[in-house]
Amino acid sequence: MKIFSTLLVVLLVLSNSVLAQMQLKINTDIENLNFQSVSSDLQSNLQLDLPTNLLLSPPDAMDFKRGLIILGLMADLTIPLGEDDGFKHIAGTAYSAHIMAAYLLTNQFLLTLRAGYINYGTQTEEGSEAGYSYSYEDTYSQIPILLGAYYIFATQGAFKPYAGISFGVFLQTYAAKWSQTYGQGIPAYNFDESFSATSFGIVPGVGVYYMLLSAMIHVAVEYNMLFSGIPTAEENYTLEKTSGLTATTATNDDVKASSISFLLGVSFPIGGN
């Protein structure tokens with residue numbers, strides 16, 4: 001009986017120890033499971049669900065394909081080139097506008113037809129010397145009508161760079177307002193006339209089209225090179241019965257109306273195969 005009682009006590013002690021260890025292991029597993037679940041939820045909540053295409057370049061909504069027609073409007077800043085006593089003497093920095101139509105002959109060759117109006121800044125000068133005072137005001141403008149051919153570089157993104165050349169005519173208009181005032185009863189000479197001339201020119205340029213959903217942004221840099229001189233007024237100081245300063249139309253072939261233009265525009269593609 002004594003041996004049986006001893007065995008019963010030992011059995012009870014062992015069973016309590018085993019149950020305690022099992023309970024401890026179960027609680028540890030539950031805690032680990034809860035921690036992993038909470039950690040997974042936090043990671044899921046902190047992860048931003050951003051569309052992957054935002055990190056990539058925008059896809060082409062409409063690619064350059066043969067038969068594509070492009071209609072566009074452009075504005076530009078044009079800077080006259082040459083010496084200060086040459087073209088820059090009668091023309092300041094210009095702001096202009098153009099309309100353009102283009103046709104994609106192949107996937108990479110673009111033909112364009114363009115017309116615009118370039119209004120150069122008015123140049124003025126006043127002063128006095130040798131007993132008389134003077135006031136000069138010169139204005140100059142151009143109407144370019146150009147036919148162009150451009151090569152579109154093959155790219156996979158929305159940017160379509162190009163290079164090419166246009167050629168055509170520049171309709172030039174020059175207006176002069178001159179006034180000279182003398183003392184001692186000598187009549188003043190006043191002159192207010194305009195003159196025109198036409199010049200052939202070429203316009204090499206580089207630029208890029210950026211494709212949007214239904215339109216294209218157009219950025220370009222061009223060099224306007226005219227072959228004929230600017231129209232000018234030749235003064236005639238012959239004193240007539242009615243006082244006045246007369247002048248005749250002339251072309252100064254030593255001064256060319258060359259310039260560089262920075263263009264920004266928007267174009268709208270139509271059709272295309």
# chains A, B, ... in the order shown; residues from 1 in each chain; ligands from 1
>>> residues_around(residues="Asn107 of chain A", least_positions_apart="4", cutoff="9 Å", atoms="only C-alpha atoms", output="PDB file with N, CA and C atoms, in the first residue's frame")
ATOM      1  N   PHE A  64       3.590  57.406 -84.782  1.00  0.00           N
ATOM      2  CA  PHE A  64       3.816  57.945 -86.113  1.00  0.00           C
ATOM      3  C   PHE A  64       3.730  56.811 -87.122  1.00  0.00           C
ATOM      4  N   LYS A  65       2.711  56.845 -87.955  1.00  0.00           N
ATOM      5  CA  LYS A  65       2.513  55.831 -88.978  1.00  0.00           C
ATOM      6  C   LYS A  65       2.271  56.496 -90.321  1.00  0.00           C
ATOM      7  N   ARG A  66       2.587  55.784 -91.382  1.00  0.00           N
ATOM      8  CA  ARG A  66       2.401  56.291 -92.741  1.00  0.00           C
ATOM      9  C   ARG A  66       0.951  56.724 -92.957  1.00  0.00           C
ATOM     10  N   GLY A  67       0.772  57.878 -93.577  1.00  0.00           N
ATOM     11  CA  GLY A  67      -0.552  58.409 -93.839  1.00  0.00           C
ATOM     12  C   GLY A  67      -1.082  59.335 -92.769  1.00  0.00           C
ATOM     13  N   LEU A  68      -0.332  59.521 -91.681  1.00  0.00           N
ATOM     14  CA  LEU A  68      -0.772  60.403 -90.601  1.00  0.00           C
ATOM     15  C   LEU A  68      -0.755  61.856 -91.067  1.00  0.00           C
ATOM     16  N   ILE A 152      12.060  61.564 -89.043  1.00  0.00           N
ATOM     17  CA  ILE A 152      11.655  61.245 -87.676  1.00  0.00           C
ATOM     18  C   ILE A 152      12.488  60.060 -87.190  1.00  0.00           C
ATOM     19  N   ALA A 154      13.465  56.851 -85.163  1.00  0.00           N
ATOM     20  CA  ALA A 154      12.667  55.754 -84.611  1.00  0.00           C
ATOM     21  C   ALA A 154      12.937  55.623 -83.120  1.00  0.00           C
TER      22      ALA A 154
END
>>> select_by_dssp(residues="segment 70-200 of chain A", states="helix (DSSP H, G or I)", output="list in words")
Phe87, Lys88, His89 and Ile90 of chain A
>>> residues_around(residues="segment 124-128 of chain A", least_positions_apart="3", cutoff="9 Å", atoms="only C-alpha atoms", output="JSON list (two decimals) with N, CA and C atoms, in the first residue's frame")
[["chain", "number", "residue", "atom", "x", "y", "z"],
["A", 89, "HIS", "N", 19.96, 96.72, -86.72],
["A", 89, "HIS", "CA", 19.70, 98.16, -86.65],
["A", 89, "HIS", "C", 18.23, 98.47, -86.93],
["A", 90, "ILE", "N", 17.57, 97.64, -87.75],
["A", 90, "ILE", "CA", 16.16, 97.91, -88.09],
["A", 90, "ILE", "C", 15.22, 96.89, -87.48],
["A", 131, "GLY", "N", 24.08, 120.87, -85.94],
["A", 131, "GLY", "CA", 23.04, 121.88, -86.07],
["A", 131, "GLY", "C", 21.67, 121.37, -86.42],
["A", 132, "TYR", "N", 21.42, 120.08, -86.37],
["A", 132, "TYR", "CA", 20.08, 119.56, -86.63],
["A", 132, "TYR", "C", 19.80, 118.39, -85.70],
["A", 133, "SER", "N", 18.53, 118.11, -85.50],
["A", 133, "SER", "CA", 18.09, 116.98, -84.69],
["A", 133, "SER", "C", 17.36, 115.99, -85.58],
["A", 134, "TYR", "N", 17.38, 114.75, -85.15],
["A", 134, "TYR", "CA", 16.78, 113.71, -85.98],
["A", 134, "TYR", "C", 16.05, 112.68, -85.09],
["A", 135, "SER", "N", 15.10, 112.00, -85.72],
["A", 135, "SER", "CA", 14.35, 110.92, -85.07],
["A", 135, "SER", "C", 14.05, 109.86, -86.11],
["A", 136, "TYR", "N", 14.51, 108.63, -85.82],
["A", 136, "TYR", "CA", 14.30, 107.52, -86.74],
["A", 136, "TYR", "C", 13.50, 106.42, -86.05],
["A", 137, "GLU", "N", 12.56, 105.86, -86.78],
["A", 137, "GLU", "CA", 11.80, 104.70, -86.29],
["A", 137, "GLU", "C", 11.69, 103.69, -87.42],
["A", 138, "ASP", "N", 12.23, 102.48, -87.20],
["A", 138, "ASP", "CA", 12.24, 101.44, -88.22],
["A", 138, "ASP", "C", 11.48, 100.21, -87.73],
["A", 139, "THR", "N", 10.64, 99.68, -88.58],
["A", 139, "THR", "CA", 9.92, 98.44, -88.28],
["A", 139, "THR", "C", 10.12, 97.46, -89.44]]
>>> residues_around(residues="Ala215 of chain A", least_positions_apart="6", cutoff="9 Å", atoms="only C-alpha atoms", output="VMD selection string")
chain A and resid 62 266 to 269
>>> closest_residue(among="A:Ile79, A:Gln180, A:Phe195, A:Phe87", to="Lys256 of chain A", atoms="only C-alpha atoms")
A:Phe87
>>> residues_around(residues="Ser199 of chain A", least_positions_apart="5", cutoff="6 Å", atoms="only C-alpha atoms", output="ChimeraX atom specification")
/A:169-170,228
>>> write_last_selection(atoms="N, CA and C atoms", output="PDB file, in the first residue's frame")
ATOM      1  N   VAL A 169       9.833  81.055 -99.598  1.00  0.00           N
ATOM      2  CA  VAL A 169       9.997  82.496 -99.768  1.00  0.00           C
ATOM      3  C   VAL A 169       9.657  83.220 -98.471  1.00  0.00           C
ATOM      4  N   PHE A 170      10.321  84.364 -98.284  1.00  0.00           N
ATOM      5  CA  PHE A 170      10.044  85.273 -97.176  1.00  0.00           C
ATOM      6  C   PHE A 170       9.593  86.610 -97.772  1.00  0.00           C
ATOM      7  N   SER A 228      18.550  86.948-100.225  1.00  0.00           N
ATOM      8  CA  SER A 228      18.495  88.325-100.717  1.00  0.00           C
ATOM      9  C   SER A 228      18.582  89.298 -99.553  1.00  0.00           C
TER      10      SER A 228
END
>>> select_by_dssp(residues="segment 44-159 of chain A", states="strand (DSSP E)", output="ChimeraX atom specification")
/A:68-80,94-104,109-119,123-129,132-152,159
>>> residues_around(residues="Leu73 of chain A", least_positions_apart="4", cutoff="10 Å", atoms="only C-alpha atoms", output="list in words")
Ala97, His98, Ile99, Met100, Ala101, Arg114, Gly116, His218, Leu264, Gly265, Val266, Ser267 and Phe268 of chain A
>>> atom_distance(atom1="atom CA of Leu113 of chain A", atom2="atom CA of Leu146 of chain A")
5.9 Å
>>> atom_distance(atom1="atom CA of Ile260 of chain A", atom2="atom CA of Leu77 of chain A")
8.4 Å
>>> residues_around(residues="Val208 of chain A", least_positions_apart="3", cutoff="9 Å", atoms="only C-alpha atoms", output="MDAnalysis selection string")
chainID A and resid 152 159:163 217:220
>>> atom_distance(atom1="atom CA of Ile202 of chain A", atom2="atom CA of Ile118 of chain A")
15.5 Å
